[in-house]
>>> print(open('run.cif').read())   # mmCIF, C-alpha atoms and all ligand atoms
data_structure
#
loop_
_atom_site.label_atom_id
_atom_site.label_comp_id
_atom_site.auth_asym_id
_atom_site.auth_seq_id
_atom_site.Cartn_x
_atom_site.Cartn_y
_atom_site.Cartn_z
CA MET A 1 9.53 -12.95 -12.54
CA LEU A 2 5.95 -12.77 -13.78
CA ASP A 3 3.30 -15.44 -14.09
CA MET A 4 1.84 -15.76 -17.56
CA GLN A 5 -1.76 -16.76 -17.27
CA THR A 6 -4.04 -17.25 -20.20
CA GLN A 7 -6.80 -19.82 -20.13
CA SER A 8 -6.29 -20.62 -23.76
CA VAL A 9 -2.65 -21.60 -23.80
CA PRO A 10 -2.99 -24.62 -26.08
CA ALA A 11 -5.07 -22.77 -28.66
CA ASP A 12 -3.00 -19.58 -28.48
CA GLN A 13 0.24 -21.46 -28.79
CA ALA A 14 -1.14 -22.96 -31.97
CA LEU A 15 -0.85 -19.49 -33.53
CA ALA A 16 2.88 -19.62 -33.10
CA MET A 17 3.52 -23.34 -33.45
CA PRO A 18 3.88 -25.02 -36.82
CA CYS A 19 1.05 -27.52 -37.20
CA SER A 20 -0.34 -29.46 -40.09
CA LEU A 21 -3.71 -30.85 -40.98
CA ARG A 22 -4.26 -34.59 -40.88
CA SER A 23 -7.88 -34.69 -41.96
CA VAL A 24 -10.96 -32.54 -42.53
CA ARG A 25 -14.54 -33.78 -42.52
CA ASN A 26 -17.63 -32.02 -43.88
CA GLU A 27 -20.48 -32.51 -41.38
CA GLY A 28 -23.00 -30.22 -43.11
CA THR A 29 -23.49 -27.33 -40.63
CA ARG A 30 -20.01 -27.83 -39.22
CA ILE A 31 -16.58 -29.04 -40.11
CA GLU A 32 -14.30 -31.31 -38.11
CA VAL A 33 -10.55 -30.77 -38.34
CA GLU A 34 -7.80 -33.02 -37.03
CA PHE A 35 -4.11 -32.14 -36.74
CA ASP A 36 -0.92 -34.19 -36.91
CA ASP A 37 -0.32 -33.80 -33.19
CA GLY A 38 -3.63 -35.61 -32.53
CA SER A 39 -5.61 -32.53 -31.49
CA ALA A 40 -8.99 -31.97 -33.13
CA GLY A 41 -11.84 -29.48 -33.13
CA GLN A 42 -14.96 -28.23 -34.83
CA LEU A 43 -15.98 -25.03 -36.57
CA SER A 44 -19.37 -23.75 -37.69
CA MET A 45 -19.76 -23.51 -41.49
CA ARG A 46 -21.40 -20.10 -41.15
CA TRP A 47 -18.48 -18.90 -39.02
CA LEU A 48 -15.99 -20.34 -41.51
CA ARG A 49 -17.67 -18.70 -44.50
CA LEU A 50 -17.60 -15.33 -42.73
CA ALA A 51 -13.92 -15.87 -41.83
CA CYS A 52 -12.86 -16.05 -45.50
CA GLU A 53 -10.11 -13.54 -46.14
CA CYS A 54 -9.71 -13.79 -49.91
CA GLU A 55 -9.39 -10.58 -51.92
CA THR A 56 -13.12 -10.46 -52.56
CA CYS A 57 -14.16 -10.99 -48.92
CA GLY A 58 -11.50 -8.69 -47.44
CA ASP A 59 -9.16 -8.54 -44.50
CA THR A 60 -10.43 -8.38 -40.92
CA ALA A 61 -7.03 -7.53 -39.39
CA SER A 62 -6.63 -4.15 -41.05
CA GLY A 63 -10.36 -3.51 -41.40
CA LYS A 64 -10.57 -3.52 -45.21
CA ARG A 65 -13.46 -5.93 -45.04
CA TRP A 66 -16.05 -6.34 -47.80
CA LEU A 67 -18.07 -9.40 -46.75
CA THR A 68 -20.71 -8.66 -44.09
CA PRO A 69 -22.54 -11.13 -41.80
CA ALA A 70 -25.69 -10.42 -43.82
CA ASP A 71 -23.94 -11.74 -46.94
CA VAL A 72 -23.45 -15.20 -45.39
CA PRO A 73 -26.49 -17.46 -45.76
CA ALA A 74 -27.73 -19.13 -42.56
CA ASP A 75 -27.43 -22.48 -44.35
CA ALA A 76 -23.87 -21.90 -45.62
CA ARG A 77 -22.63 -25.26 -46.90
CA ALA A 78 -19.48 -26.51 -48.58
CA THR A 79 -19.68 -28.69 -51.69
CA SER A 80 -16.03 -29.69 -51.39
CA ILE A 81 -13.34 -29.51 -48.68
CA GLU A 82 -9.79 -30.66 -49.35
CA ILE A 83 -6.31 -30.35 -47.93
CA SER A 84 -4.22 -28.71 -50.65
CA SER A 85 -0.69 -29.74 -51.58
CA GLY A 86 0.54 -26.73 -49.54
CA GLY A 87 -1.16 -28.08 -46.41
CA LYS A 88 -3.99 -25.52 -46.42
CA MET A 89 -7.70 -26.30 -46.36
CA ASP A 90 -9.52 -25.42 -49.56
CA VAL A 91 -13.28 -25.00 -49.34
CA VAL A 92 -15.66 -24.66 -52.30
CA TRP A 93 -18.99 -23.18 -51.17
CA GLN A 94 -22.44 -23.90 -52.62
CA ASP A 95 -22.35 -20.67 -54.65
CA GLY A 96 -18.97 -21.58 -56.15
CA HIS A 97 -16.90 -19.20 -53.99
CA VAL A 98 -13.53 -20.65 -52.93
CA SER A 99 -11.88 -20.04 -49.52
CA ARG A 100 -8.45 -21.12 -48.34
CA PHE A 101 -7.51 -21.43 -44.66
CA ALA A 102 -4.07 -21.96 -43.08
CA ALA A 103 -3.74 -24.89 -40.67
CA SER A 104 -2.48 -22.54 -37.93
CA PHE A 105 -5.61 -20.38 -38.27
CA LEU A 106 -7.86 -23.43 -37.94
CA ALA A 107 -5.85 -24.73 -34.98
CA ALA A 108 -6.16 -21.39 -33.23
CA HIS A 109 -9.94 -21.26 -33.54
CA ALA A 110 -11.26 -24.81 -33.66
CA GLY A 111 -13.00 -25.65 -30.40
CA ARG A 112 -12.97 -22.08 -29.10
CA VAL A 113 -15.91 -20.65 -31.01
CA GLY A 114 -18.89 -20.10 -28.71
CA ASP A 115 -16.84 -20.28 -25.50
CA PRO A 116 -16.73 -16.70 -24.16
CA GLY A 117 -14.07 -17.52 -21.55
CA ALA A 118 -11.67 -19.33 -23.83
CA GLU A 119 -9.59 -16.42 -25.12
CA ARG A 120 -9.68 -14.10 -22.12
CA PHE A 121 -6.58 -13.11 -20.24
CA ARG A 122 -6.80 -13.63 -16.50
CA PRO A 123 -5.02 -10.96 -14.41
CA VAL A 124 -2.70 -11.94 -11.57
CA LEU A 125 -4.27 -10.61 -8.35
CA TRP A 126 -2.19 -9.14 -5.52
CA SER A 127 -2.49 -7.62 -2.07
CA SER A 128 0.08 -6.11 0.31
CA ASN A 129 2.56 -8.73 -0.96
CA LEU A 130 3.09 -7.01 -4.33
CA ALA A 131 6.58 -5.75 -3.42
CA GLY A 132 8.31 -9.02 -4.34
CA ARG A 133 6.51 -9.22 -7.67
CA LEU A 134 6.39 -5.59 -8.79
CA GLY A 135 8.04 -5.21 -12.18
CA CYS A 136 10.77 -2.52 -12.09
CA PHE A 137 12.26 -1.16 -15.30
CA ALA A 138 15.00 1.39 -15.97
CA PHE A 139 14.08 4.58 -17.86
CA ASP A 140 16.93 4.14 -20.37
CA ALA A 141 15.86 0.59 -21.13
CA VAL A 142 12.17 1.27 -21.79
CA VAL A 143 13.01 4.37 -23.84
CA GLU A 144 15.60 2.67 -26.04
CA ASP A 145 14.82 -1.05 -26.05
CA ASP A 146 11.52 -2.40 -27.40
CA GLU A 147 11.90 -5.70 -25.58
CA ALA A 148 12.30 -3.97 -22.20
CA LEU A 149 9.28 -1.86 -23.06
CA PHE A 150 7.36 -5.04 -23.87
CA GLN A 151 8.31 -6.61 -20.54
CA SER A 152 6.99 -3.56 -18.71
CA LEU A 153 3.75 -3.68 -20.73
CA ARG A 154 3.43 -7.32 -19.75
CA ALA A 155 3.82 -6.38 -16.09
CA LEU A 156 1.05 -3.79 -16.55
CA ARG A 157 -1.16 -6.41 -18.15
CA ASP A 158 -0.55 -8.91 -15.35
CA HIS A 159 -0.56 -6.73 -12.22
CA GLY A 160 -1.95 -3.43 -13.50
CA ILE A 161 1.10 -1.65 -12.07
CA ALA A 162 4.84 -1.28 -12.75
CA MET A 163 7.69 0.92 -11.59
CA LEU A 164 10.13 2.88 -13.76
CA THR A 165 13.38 4.08 -12.23
CA GLY A 166 16.03 6.63 -13.12
CA VAL A 167 13.62 9.03 -14.83
CA PRO A 168 15.12 12.54 -15.08
CA ALA A 169 13.24 15.33 -13.29
CA GLU A 170 12.27 17.23 -16.43
CA PRO A 171 8.81 17.61 -17.97
CA GLU A 172 10.14 16.27 -21.29
CA ALA A 173 11.23 13.05 -19.57
CA THR A 174 7.71 12.38 -18.25
CA LEU A 175 6.21 12.76 -21.71
CA ARG A 176 9.09 10.95 -23.41
CA VAL A 177 8.68 7.82 -21.33
CA ALA A 178 4.87 7.94 -21.22
CA GLY A 179 4.74 8.39 -24.99
CA ARG A 180 6.44 5.02 -25.41
CA TYR A 181 3.29 3.40 -23.97
CA GLY A 182 0.73 5.18 -26.12
CA PRO A 183 -0.68 8.61 -26.96
CA VAL A 184 -0.88 10.91 -23.92
CA ARG A 185 -4.41 12.12 -23.25
CA GLU A 186 -4.95 15.85 -23.07
CA THR A 187 -7.68 16.77 -20.58
CA SER A 188 -9.12 19.95 -19.11
CA TYR A 189 -6.12 19.85 -16.72
CA GLY A 190 -3.66 19.78 -19.64
CA LYS A 191 -1.29 17.05 -20.87
CA VAL A 192 1.04 16.96 -17.87
CA PHE A 193 -0.32 17.86 -14.47
CA ASP A 194 1.95 18.99 -11.63
CA LEU A 195 0.65 17.90 -8.24
CA ILE A 196 2.34 20.20 -5.74
CA SER A 197 1.01 20.77 -2.25
CA ARG A 198 -0.37 24.33 -2.18
CA PRO A 199 -2.68 26.36 0.05
CA ASP A 200 -5.16 27.27 -2.74
CA ALA A 201 -5.63 23.63 -3.79
CA ARG A 202 -7.97 23.10 -6.74
CA VAL A 203 -8.12 19.32 -6.31
CA ALA A 204 -7.54 17.12 -3.27
CA GLY A 205 -4.23 15.90 -4.71
CA GLU A 206 -2.79 19.38 -4.17
CA THR A 207 -3.50 19.35 -0.44
CA ALA A 208 -1.37 17.61 2.17
CA ARG A 209 -4.31 15.56 3.45
CA ALA A 210 -4.49 11.77 3.40
CA GLN A 211 -6.41 10.30 0.50
CA ILE A 212 -8.06 6.93 0.66
CA PRO A 213 -7.39 4.77 -2.39
CA HIS A 214 -9.49 5.71 -5.40
CA THR A 215 -9.49 5.67 -9.18
CA ASP A 216 -9.08 9.04 -10.85
CA GLU A 217 -11.87 10.85 -12.66
CA PRO A 218 -14.71 8.30 -12.45
CA PHE A 219 -16.97 11.16 -13.54
CA ARG A 220 -15.76 10.79 -17.13
CA TYR A 221 -17.60 8.37 -19.44
CA SER A 222 -14.16 6.98 -20.19
CA PRO A 223 -11.83 7.58 -17.21
CA PRO A 224 -8.05 7.74 -17.72
CA GLY A 225 -6.74 4.29 -18.69
CA PHE A 226 -3.21 4.38 -17.32
CA ILE A 227 -1.65 6.99 -15.06
CA PHE A 228 2.02 7.91 -14.78
CA PHE A 229 3.10 9.38 -11.41
CA HIS A 230 6.56 10.85 -11.83
CA ALA A 231 8.15 11.72 -8.48
CA ILE A 232 10.14 14.96 -8.76
CA ARG A 233 10.45 15.85 -5.07
CA THR A 234 9.19 13.80 -2.18
CA GLY A 235 9.33 14.39 1.52
CA ALA A 236 10.92 11.17 2.71
CA GLY A 237 10.17 10.78 6.40
CA SER A 238 7.41 13.37 6.39
CA GLY A 239 4.58 11.09 5.20
CA GLY A 240 2.97 10.93 1.77
CA THR A 241 3.40 7.15 1.40
CA SER A 242 1.61 5.83 -1.70
CA LEU A 243 -1.14 3.27 -1.02
CA MET A 244 -1.95 1.06 -4.00
CA VAL A 245 -4.83 -1.45 -4.04
CA ASP A 246 -5.71 -4.11 -6.61
CA GLY A 247 -9.40 -3.35 -7.26
CA PHE A 248 -9.89 -6.75 -8.89
CA GLN A 249 -8.70 -8.49 -5.72
CA VAL A 250 -11.07 -6.40 -3.60
CA ALA A 251 -13.97 -7.03 -5.99
CA GLU A 252 -13.37 -10.79 -5.82
CA ARG A 253 -13.39 -10.59 -2.01
CA MET A 254 -16.76 -8.84 -2.19
CA ARG A 255 -18.08 -11.42 -4.62
CA ARG A 256 -17.03 -14.19 -2.20
CA ASP A 257 -18.00 -12.63 1.16
CA THR A 258 -20.92 -10.28 0.39
CA PRO A 259 -22.28 -11.37 -3.01
CA HIS A 260 -25.44 -9.24 -2.67
CA LEU A 261 -23.30 -6.09 -2.25
CA PHE A 262 -21.02 -7.12 -5.12
CA ASP A 263 -24.13 -7.56 -7.25
CA LEU A 264 -25.38 -4.07 -6.42
CA LEU A 265 -22.09 -2.49 -7.49
CA ALA A 266 -22.01 -4.56 -10.69
CA ARG A 267 -25.62 -3.88 -11.70
CA HIS A 268 -26.75 -0.58 -10.17
CA GLY A 269 -25.58 2.66 -11.73
CA VAL A 270 -23.73 5.12 -9.48
CA THR A 271 -23.35 8.78 -10.45
CA PHE A 272 -19.98 10.51 -10.07
CA HIS A 273 -19.51 14.19 -10.76
CA ARG A 274 -17.02 17.07 -10.68
CA GLU A 275 -17.75 20.75 -11.18
CA HIS A 276 -15.53 23.81 -11.25
CA ALA A 277 -18.19 26.52 -11.59
CA GLY A 278 -18.27 28.21 -14.97
CA ASP A 279 -15.44 26.01 -16.22
CA VAL A 280 -16.27 22.28 -16.30
CA PHE A 281 -19.12 20.06 -15.11
CA PHE A 282 -18.58 16.36 -15.61
CA SER A 283 -21.14 13.73 -14.65
CA ALA A 284 -21.31 10.01 -15.46
CA GLU A 285 -23.59 7.23 -14.28
CA ALA A 286 -21.77 3.91 -14.38
CA HIS A 287 -21.20 0.63 -12.59
CA VAL A 288 -18.54 0.69 -9.89
CA ILE A 289 -17.62 -2.88 -10.87
CA SER A 290 -17.68 -3.67 -14.59
CA LEU A 291 -18.11 -7.27 -15.73
CA ASP A 292 -17.37 -8.76 -19.12
CA ALA A 293 -19.60 -11.19 -21.01
CA SER A 294 -18.20 -14.15 -19.03
CA GLY A 295 -18.87 -12.48 -15.66
CA ALA A 296 -15.20 -11.70 -14.95
CA VAL A 297 -14.35 -8.32 -13.40
CA THR A 298 -13.01 -6.11 -16.17
CA GLY A 299 -12.84 -2.68 -14.53
CA ILE A 300 -13.35 -0.60 -11.37
CA ARG A 301 -14.31 3.03 -10.96
CA TYR A 302 -14.55 4.49 -7.49
CA ASN A 303 -13.65 7.75 -5.83
CA ASP A 304 -15.62 8.61 -2.69
CA ARG A 305 -14.90 12.33 -3.20
CA CYS A 306 -16.67 12.37 -6.57
CA LEU A 307 -19.89 10.61 -5.49
CA ALA A 308 -22.97 12.63 -6.49
CA PRO A 309 -26.21 12.45 -4.47
CA GLN A 310 -27.67 9.21 -5.84
CA ALA A 311 -31.15 8.77 -7.31
CA GLY A 312 -33.47 5.79 -6.75
CA SER A 313 -35.92 4.34 -4.28
CA ILE A 314 -35.07 4.57 -0.57
CA GLU A 315 -34.43 0.80 -0.38
CA GLU A 316 -32.15 0.93 -3.42
CA ILE A 317 -30.22 3.92 -2.16
CA ASP A 318 -29.71 2.49 1.33
CA GLY A 319 -28.49 -0.80 -0.17
CA LEU A 320 -26.18 1.02 -2.53
CA ILE A 321 -24.68 3.12 0.26
CA GLU A 322 -24.02 -0.05 2.27
CA ALA A 323 -22.27 -1.59 -0.76
CA LEU A 324 -20.14 1.55 -1.19
CA ALA A 325 -19.37 1.55 2.55
CA GLU A 326 -18.20 -2.06 2.38
CA LEU A 327 -16.04 -1.30 -0.66
CA THR A 328 -14.54 1.67 1.20
CA ARG A 329 -13.74 -0.51 4.24
CA LEU A 330 -12.07 -3.10 2.01
CA ILE A 331 -9.85 -0.67 0.12
CA CYS A 332 -8.75 0.92 3.43
CA ASN A 333 -7.61 -2.44 4.81
CA PRO A 334 -3.78 -2.35 5.01
CA ALA A 335 -3.67 -6.11 4.30
CA ASP A 336 -4.71 -5.28 0.74
CA GLN A 337 -2.53 -2.20 0.29
CA PHE A 338 0.87 -2.16 -1.33
CA GLN A 339 2.62 0.74 0.41
CA HIS A 340 5.56 2.52 -1.12
CA GLN A 341 7.38 5.76 -0.43
CA LEU A 342 8.15 7.17 -3.87
CA GLN A 343 11.71 8.38 -4.42
CA PRO A 344 12.70 11.16 -6.84
CA GLY A 345 13.28 9.66 -10.29
CA GLU A 346 10.70 6.91 -9.84
CA VAL A 347 7.58 6.68 -11.96
CA LEU A 348 4.67 4.60 -10.78
CA VAL A 349 2.60 3.48 -13.77
CA PHE A 350 -0.78 1.93 -13.06
CA ASP A 351 -4.05 0.91 -14.65
CA ASN A 352 -6.54 3.47 -13.37
CA GLN A 353 -9.47 1.18 -14.18
CA ARG A 354 -8.10 -1.59 -12.01
CA VAL A 355 -5.67 -0.21 -9.40
CA LEU A 356 -6.80 2.32 -6.78
CA HIS A 357 -4.22 4.80 -5.52
CA GLY A 358 -4.09 6.87 -2.33
CA ARG A 359 -1.54 8.26 0.08
CA THR A 360 -0.98 8.99 3.72
CA ALA A 361 -1.01 12.60 4.92
CA PHE A 362 2.27 14.49 4.95
CA ASP A 363 3.72 17.51 6.64
CA PRO A 364 3.91 20.32 4.05
CA THR A 365 6.05 22.44 6.36
CA ARG A 366 8.83 19.83 6.29
CA ALA A 367 8.93 19.05 2.59
CA VAL A 368 7.49 20.06 -0.76
CA ARG A 369 5.89 17.09 -2.46
CA HIS A 370 5.92 17.36 -6.22
CA LEU A 371 4.50 14.65 -8.47
CA ARG A 372 4.07 15.12 -12.18
CA SER A 373 1.32 13.04 -13.73
CA CYS A 374 -0.10 12.28 -17.15
CA ASN A 375 -2.81 9.98 -18.47
CA LEU A 376 -2.97 7.50 -21.32
CA ASP A 377 -6.01 5.82 -22.83
CA ARG A 378 -6.10 2.12 -22.09
CA ASP A 379 -6.65 1.04 -25.69
CA GLY A 380 -3.43 2.83 -26.72
CA VAL A 381 -1.44 0.97 -24.05
CA HIS A 382 -3.01 -2.38 -24.90
CA SER A 383 -2.35 -1.69 -28.59
CA ALA A 384 1.35 -1.13 -27.76
CA PHE A 385 1.34 -4.42 -25.84
CA ARG A 386 -0.23 -6.41 -28.69
CA THR A 387 2.00 -4.83 -31.34
CA LEU A 388 5.15 -5.73 -29.41
CA ALA A 389 3.75 -9.16 -28.47
CA ARG A 390 3.63 -9.95 -32.20
CA ARG A 391 7.43 -9.64 -32.12
CA PHE A 392 8.38 -10.97 -28.69
CA ALA A 393 5.60 -13.37 -27.60
CA PRO A 394 3.25 -14.10 -30.54
CA GLN A 395 1.15 -16.56 -28.54
CA GLU A 396 0.09 -13.70 -26.21
CA ALA A 397 -0.89 -11.17 -28.86
CA GLU A 398 -4.52 -12.13 -29.42
CA ALA A 399 -5.89 -12.87 -25.96
CA VAL A 400 -8.79 -10.60 -24.97
CA LEU A 401 -7.48 -8.23 -22.29
CA TYR A 402 -9.70 -6.84 -19.54
CA GLN A 403 -11.26 -3.79 -21.07
CA GLY A 404 -11.70 -1.50 -18.12
CA ALA A 405 -14.48 0.48 -16.51
CA ILE A 406 -17.07 0.28 -19.23
CA LEU A 407 -20.34 2.02 -18.44
FE FE A 501 -5.86 10.55 -7.59
#
>>> encode(input="run.cif", output="structure tokens")
Amino acid sequence: MLDMQTQSVPADQALAMPCSLRSVRNEGTRIEVEFDDGSAGQLSMRWLRLACECETCGDTASGKRWLTPADVPADARATSIEISSGGKMDVVWQDGHVSRFAASFLAAHAGRVGDPGAERFRPVLWSSNLAGRLGCFAFDAVVEDDEALFQSLRALRDHGIAMLTGVPAEPEATLRVAGRYGPVRETSYGKVFDLISRPDARVAGETARAQIPHTDEPFRYSPPGFIFFHAIRTGAGSGGTSLMVDGFQVAERMRRDTPHLFDLLARHGVTFHREHAGDVFFSAEAHVISLDASGAVTGIRYNDRCLAPQAGSIEEIDGLIEALAELTRLICNPADQFQHQLQPGEVLVFDNQRVLHGRTAFDPTRAVRHLRSCNLDRDGVHSAFRTLARRFAPQEAEAVLYQGAIL
């Protein structure tokens, strides 16, 4: 059902595939390794010395690490490199220290060092055509079966959105299923938030008005990572259709069609705020489009209702408002909106730093609309994905995932 896309398939697969060393060659500042399947690569000696995981140097995976980068001399050299009888590579360094590296470790890293794009996961972009590709998973399955849970986490990684079905209409069920994906974040609105249309609305979600697609709480330094929308009661036929937009798709359109506006949103800080007088006052200046070190889009934060009056020169501000206007036009284009009328028992799970959510207006006199929502931090969800990938798809466990709306 889902496309698996990592740029580094050959190297990542090496983590899971048995491979053996054919030869190793000491080239002074670097080492050349060749494998039985004919593949070959190079590693820096300084990198290799730092990568030693003997008892003295420590273990990077769990963080009990004793060797620091400052302990590795710039001119780290090996006096001897051999393939041991067990098929590992034994290195004796100039100070007499001995390191031992598994062939699979060398295969996974040779040739990738220094290439910032090599290990990054590339998301699968979507527009209004998501319906045929949306991952749907039964409540019972994701609660009881780790492999089903993993498949849903994979769908979240790929598309930033997934659907859960058959979720009972009880508060415990919302937390029970959300807790499978990571720790639930407690905020100033509590752990579980009931969005019910009401006349004394505190936030826009409690009104019956239409909402253009947005990410939630961009005024936090670290906005919610993943959001669970649990439909308890919905007014089928009275409006309130969910509008979901892939922010990465929209950002790529901007990059292609109006690169100067894309650039403004990726490089100019925008201030978002939210104040309930005497209670809370949040404010964060951040990029609307976050890029990673390779220039790929890694996160989106945008909610027109939380925009603060911006600071800057008149030229800067006018340019920035035009960029925000273009972004707003793009996310309101139905061709890029996946539209879905939520049914009771469904939970829409989405990446709040990638996917924008909105809804059409509804008629509060014809139906009560009740959604229960909770938030998870994105690193908890990605940690659950990696932990289960170790069991069900080891070659996918180590790819660098897009890290969200970093400041
Ligand atoms: Fe929202």
>>> atom_distance(input="run.cif", atom1="CA of Ala110 (chain A)", atom2="CA of Trp47 (chain A)")
10.8 Å
>>> residues_near_ligand(input="run.cif", ligand="ligand FE 501 (chain A)", cutoff="9 Å", atoms="only C-alpha atoms and all ligand atoms", output="list in words")
Ala204, Gly205, Gln211, Pro213, His214, Thr215, Asp216, Glu217, Asn303, Leu356, His357 and Gly358 of chain A
>>> write_last_selection(input="run.cif", atoms="C-alpha atoms", output="CSV table (one decimal), keeping the file's coordinate frame")
chain,number,residue,atom,x,y,z
A,204,ALA,CA,-7.5,17.1,-3.3
A,205,GLY,CA,-4.2,15.9,-4.7
A,211,GLN,CA,-6.4,10.3,0.5
A,213,PRO,CA,-7.4,4.8,-2.4
A,214,HIS,CA,-9.5,5.7,-5.4
A,215,THR,CA,-9.5,5.7,-9.2
A,216,ASP,CA,-9.1,9.0,-10.8
A,217,GLU,CA,-11.9,10.8,-12.7
A,303,ASN,CA,-13.6,7.8,-5.8
A,356,LEU,CA,-6.8,2.3,-6.8
A,357,HIS,CA,-4.2,4.8,-5.5
A,358,GLY,CA,-4.1,6.9,-2.3
>>> atom_distance(input="run.cif", atom1="CA of Ile289 (chain A)", atom2="CA of Trp126 (chain A)")
17.5 Å
>>> atom_distance(input="run.cif", atom1="CA of Gln94 (chain A)", atom2="CA of Ser62 (chain A)")
27.8 Å
>>> closest_residue(input="run.cif", among="A:Thr79, A:Ser313, A:Thr174, A:Thr207", to="Thr360 (chain A)", atoms="all atoms listed in the file")
A:Thr207
>>> closest_residue(input="run.cif", among="A:Ala389, A:Gly240, A:Arg369, A:Val347", to="Gln151 (chain A)", atoms="all atoms listed in the file")
A:Ala389
>>> closest_residue(input="run.cif", among="A:Asp140, A:Pro309, A:Gly299, A:Leu265", to="Ala325 (chain A)", atoms="all atoms listed in the file")
A:Leu265
>>> residues_near_point(input="run.cif", point="(10.4, 4.7, -13.7)", cutoff="7 Å", atoms="all atoms listed in the file", output="list in words")
Phe137, Ala138, Phe139, Met163, Leu164, Thr165, Gly166, Val167, Gly345, Glu346, Val347 and Leu348 of chain A
>>> closest_residue(input="run.cif", among="A:Ser383, A:Ser222, A:Gln310, A:Ser85", to="Glu398 (chain A)", atoms="all atoms listed in the file")
A:Ser383
>>> closest_residue(input="run.cif", among="A:Gly135, A:Pro364, A:Gly239, A:Gly58", to="Ala208 (chain A)", atoms="only C-alpha atoms")
A:Pro364
>>> closest_residue(input="run.cif", among="A:His382, A:Arg30, A:Arg233, A:His159", to="Arg77 (chain A)", atoms="all atoms listed in the file")
A:Arg30
>>> residues_around(input="run.cif", residues="Ile321 (chain A)", least_positions_apart="5", cutoff="12 Å", atoms="all atoms listed in the file", output="PyMOL selection string")
chain A and resi 261+264-265+268+270+304+307-312+314-316+326-328
>>> residues_around(input="run.cif", residues="region 329-334 of chain A", least_positions_apart="5", cutoff="9 Å", atoms="all atoms listed in the file", output="MDAnalysis selection string")
chainID A and resid 127:128 212:214 243 245:247 250 253:254 324 339 356
>>> closest_atom_pairs(input="run.cif", of="region 128-222 of chain A", to="region 271-274 of chain A", cutoff="9 Å", atoms="all atoms listed in the file", output="JSON lines")
{"residue": "A:Glu217", "atom": "CA", "partner": "A:Arg274", "partner_atom": "CA", "distance": 8.3}
{"residue": "A:Pro218", "atom": "CA", "partner": "A:Phe272", "partner_atom": "CA", "distance": 6.2}
{"residue": "A:Phe219", "atom": "CA", "partner": "A:Phe272", "partner_atom": "CA", "distance": 4.6}
{"residue": "A:Arg220", "atom": "CA", "partner": "A:His273", "partner_atom": "CA", "distance": 8.1}
